[in-house]
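These notes concern the structure reproduced below.
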Amino acid sequence: MSEFREFLNEQLEDPEFRKEYENLEPEFDIIRAMIEARKQQHITQKELSERTGITQADISRIENGTRNPSLDMLKRLAKGMGMRLRLEFISEQDSEIFNNRGLGKQRDFGK
């Protein structure tokens, strides 16, 4: 386990920290999905930029979490990767069960 992951796990023991961290889960999910889709297709940020007309700098900012993309921008990014964007609403209860059983994707910040 990476030093960061160990540190994060320690911090997540604090209920206030955990609440704030979990509030960011949708942002983490968008970032993770975008990076995974781009890498699965072996597309660089520059190539995706050329396909979408979105600057490489903005794509980088989205992927590192310093820019929140609009829904329109997410649709353009998906289209640039030959994909469609799909969002879903799930109940809080289902989300908690999903995460507590370890079924959610574990974030690996050590890479």
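So you can find residues: chains in the structure tokens are A, B, ... in the order shown, residues in each start at 1, and ligands are numbered from 1 in order.
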Name all residues at most 12 Å from Glu27 (chain A) (count only C-alpha atoms; drop same-chain ones fewer than 3 positions away) and give them as a JSON list (two decimals) with N, CA and C atoms, in the first residue's frame.
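Result file follows (part_38.json):
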```
[["chain", "number", "residue", "atom", "x", "y", "z"],
["A", 21, "TYR", "N", -14.76, 14.03, 2.28],
["A", 21, "TYR", "CA", -14.17, 13.19, 1.24],
["A", 21, "TYR", "C", -15.27, 12.50, 0.42],
["A", 22, "GLU", "N", -16.26, 11.96, 1.10],
["A", 22, "GLU", "CA", -17.35, 11.28, 0.41],
["A", 22, "GLU", "C", -18.20, 12.25, -0.40],
["A", 23, "ASN", "N", -18.28, 13.51, 0.04],
["A", 23, "ASN", "CA", -19.01, 14.51, -0.73],
["A", 23, "ASN", "C", -18.34, 14.78, -2.08],
["A", 24, "LEU", "N", -17.06, 14.50, -2.18],
["A", 24, "LEU", "CA", -16.33, 14.70, -3.43],
["A", 24, "LEU", "C", -16.38, 13.48, -4.35],
["A", 30, "ILE", "N", -16.10, 11.09, -11.94],
["A", 30, "ILE", "CA", -15.99, 11.68, -13.28],
["A", 30, "ILE", "C", -14.54, 11.66, -13.74],
["A", 31, "ILE", "N", -13.65, 12.08, -12.88],
["A", 31, "ILE", "CA", -12.23, 12.11, -13.23],
["A", 31, "ILE", "C", -11.74, 10.71, -13.58],
["A", 32, "ARG", "N", -12.04, 9.75, -12.72],
["A", 32, "ARG", "CA", -11.59, 8.38, -12.94],
["A", 32, "ARG", "C", -12.14, 7.83, -14.26],
["A", 33, "ALA", "N", -13.43, 8.03, -14.51],
["A", 33, "ALA", "CA", -14.06, 7.51, -15.73],
["A", 33, "ALA", "C", -13.43, 8.14, -16.97],
["A", 34, "MET", "N", -13.17, 9.42, -16.91],
["A", 34, "MET", "CA", -12.59, 10.11, -18.06],
["A", 34, "MET", "C", -11.18, 9.62, -18.35],
["A", 62, "ILE", "N", -9.24, 19.24, -15.75],
["A", 62, "ILE", "CA", -10.35, 18.35, -15.38],
["A", 62, "ILE", "C", -9.79, 17.08, -14.75],
["A", 63, "GLU", "N", -8.78, 16.50, -15.39],
["A", 63, "GLU", "CA", -8.22, 15.24, -14.91],
["A", 63, "GLU", "C", -7.49, 15.37, -13.58],
["A", 64, "ASN", "N", -6.96, 16.56, -13.28],
["A", 64, "ASN", "CA", -6.29, 16.69, -11.99],
["A", 64, "ASN", "C", -7.19, 17.32, -10.93],
["A", 65, "GLY", "N", -8.45, 17.55, -11.29],
["A", 65, "GLY", "CA", -9.45, 17.98, -10.32],
["A", 65, "GLY", "C", -9.49, 19.45, -10.02],
["A", 66, "THR", "N", -8.83, 20.28, -10.83],
["A", 66, "THR", "CA", -8.84, 21.71, -10.57],
["A", 66, "THR", "C", -9.85, 22.45, -11.44],
["A", 67, "ARG", "N", -10.57, 21.73, -12.28],
["A", 67, "ARG", "CA", -11.63, 22.35, -13.08],
["A", 67, "ARG", "C", -12.84, 21.44, -13.09],
["A", 68, "ASN", "N", -13.99, 22.01, -12.83],
["A", 68, "ASN", "CA", -15.24, 21.25, -12.89],
["A", 68, "ASN", "C", -15.85, 21.44, -14.27],
["A", 69, "PRO", "N", -15.94, 20.37, -15.05],
["A", 69, "PRO", "CA", -16.49, 20.50, -16.40],
["A", 69, "PRO", "C", -18.00, 20.64, -16.39],
["A", 70, "SER", "N", -18.50, 21.36, -17.38],
["A", 70, "SER", "CA", -19.95, 21.45, -17.56],
["A", 70, "SER", "C", -20.45, 20.15, -18.18]]
```
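For the pair CA of Pro15 (chain A) and CA of Leu87 (chain A), the separation is 27.9 Å.
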Picked from chain A by DSSP as helix (DSSP H, G or I), as a ChimeraX atom specification: /A:3-11,15-23,25-40,45-52,56-63,71-80,92-100
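Going from CA of Gly80 (chain A) to CA of Gln45 (chain A) covers 11.0 Å.
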Please provide the set of residues having any atom within 12 Å of Glu47 (chain A), restricted to only C-alpha atoms, with same-chain residues fewer than 4 positions apart removed, written as a ChimeraX atom specification. /A:38-39,41-43,51-56,59,77,80-81
Store the residues picked out above in a file with N, CA, C and O atoms, as a PDB file, in the first residue's frame.
```
ATOM      1  N   ARG A  38     -10.033   7.437 -21.678  1.00  0.00           N
ATOM      2  CA  ARG A  38      -8.991   7.982 -22.557  1.00  0.00           C
ATOM      3  C   ARG A  38      -7.820   7.021 -22.677  1.00  0.00           C
ATOM      4  O   ARG A  38      -7.327   6.751 -23.764  1.00  0.00           O
ATOM      5  N   LYS A  39      -7.393   6.459 -21.557  1.00  0.00           N
ATOM      6  CA  LYS A  39      -6.242   5.552 -21.573  1.00  0.00           C
ATOM      7  C   LYS A  39      -6.578   4.221 -22.249  1.00  0.00           C
ATOM      8  O   LYS A  39      -5.723   3.647 -22.929  1.00  0.00           O
ATOM      9  N   GLN A  41      -8.312   3.818 -24.746  1.00  0.00           N
ATOM     10  CA  GLN A  41      -8.259   4.067 -26.185  1.00  0.00           C
ATOM     11  C   GLN A  41      -6.886   4.551 -26.630  1.00  0.00           C
ATOM     12  O   GLN A  41      -6.691   4.867 -27.801  1.00  0.00           O
ATOM     13  N   HIS A  42      -5.948   4.630 -25.704  1.00  0.00           N
ATOM     14  CA  HIS A  42      -4.583   5.080 -26.000  1.00  0.00           C
ATOM     15  C   HIS A  42      -4.592   6.458 -26.667  1.00  0.00           C
ATOM     16  O   HIS A  42      -3.896   6.695 -27.648  1.00  0.00           O
ATOM     17  N   ILE A  43      -5.396   7.356 -26.087  1.00  0.00           N
ATOM     18  CA  ILE A  43      -5.512   8.725 -26.590  1.00  0.00           C
ATOM     19  C   ILE A  43      -4.812   9.650 -25.600  1.00  0.00           C
ATOM     20  O   ILE A  43      -5.070   9.591 -24.400  1.00  0.00           O
ATOM     21  N   ARG A  51      -9.593  16.428 -31.053  1.00  0.00           N
ATOM     22  CA  ARG A  51     -10.877  15.831 -31.430  1.00  0.00           C
ATOM     23  C   ARG A  51     -12.076  16.642 -30.930  1.00  0.00           C
ATOM     24  O   ARG A  51     -13.145  16.586 -31.506  1.00  0.00           O
ATOM     25  N   THR A  52     -11.885  17.342 -29.812  1.00  0.00           N
ATOM     26  CA  THR A  52     -13.021  17.999 -29.158  1.00  0.00           C
ATOM     27  C   THR A  52     -13.025  19.519 -29.265  1.00  0.00           C
ATOM     28  O   THR A  52     -14.058  20.152 -29.036  1.00  0.00           O
ATOM     29  N   GLY A  53     -11.873  20.106 -29.540  1.00  0.00           N
ATOM     30  CA  GLY A  53     -11.768  21.562 -29.530  1.00  0.00           C
ATOM     31  C   GLY A  53     -11.631  22.124 -28.125  1.00  0.00           C
ATOM     32  O   GLY A  53     -11.639  23.335 -27.921  1.00  0.00           O
ATOM     33  N   ILE A  54     -11.488  21.254 -27.145  1.00  0.00           N
ATOM     34  CA  ILE A  54     -11.257  21.665 -25.757  1.00  0.00           C
ATOM     35  C   ILE A  54      -9.744  21.702 -25.573  1.00  0.00           C
ATOM     36  O   ILE A  54      -9.048  20.773 -25.982  1.00  0.00           O
ATOM     37  N   THR A  55      -9.228  22.766 -24.986  1.00  0.00           N
ATOM     38  CA  THR A  55      -7.774  22.875 -24.874  1.00  0.00           C
ATOM     39  C   THR A  55      -7.197  21.728 -24.045  1.00  0.00           C
ATOM     40  O   THR A  55      -7.846  21.217 -23.127  1.00  0.00           O
ATOM     41  N   GLN A  56      -5.959  21.375 -24.376  1.00  0.00           N
ATOM     42  CA  GLN A  56      -5.275  20.333 -23.619  1.00  0.00           C
ATOM     43  C   GLN A  56      -5.132  20.769 -22.163  1.00  0.00           C
ATOM     44  O   GLN A  56      -5.249  19.959 -21.252  1.00  0.00           O
ATOM     45  N   ILE A  59      -8.345  19.996 -20.391  1.00  0.00           N
ATOM     46  CA  ILE A  59      -8.466  18.547 -20.167  1.00  0.00           C
ATOM     47  C   ILE A  59      -7.590  18.140 -18.990  1.00  0.00           C
ATOM     48  O   ILE A  59      -8.022  17.386 -18.116  1.00  0.00           O
ATOM     49  N   LEU A  77     -16.379  15.639 -24.600  1.00  0.00           N
ATOM     50  CA  LEU A  77     -15.279  14.731 -24.315  1.00  0.00           C
ATOM     51  C   LEU A  77     -15.664  13.289 -24.647  1.00  0.00           C
ATOM     52  O   LEU A  77     -14.883  12.562 -25.271  1.00  0.00           O
ATOM     53  N   GLY A  80     -15.709  12.843 -28.338  1.00  0.00           N
ATOM     54  CA  GLY A  80     -14.344  12.814 -28.843  1.00  0.00           C
ATOM     55  C   GLY A  80     -13.673  11.464 -28.657  1.00  0.00           C
ATOM     56  O   GLY A  80     -12.706  11.138 -29.345  1.00  0.00           O
ATOM     57  N   MET A  81     -14.184  10.673 -27.725  1.00  0.00           N
ATOM     58  CA  MET A  81     -13.656   9.327 -27.505  1.00  0.00           C
ATOM     59  C   MET A  81     -14.553   8.265 -28.142  1.00  0.00           C
ATOM     60  O   MET A  81     -14.399   7.072 -27.876  1.00  0.00           O
TER      61      MET A  81
END
```
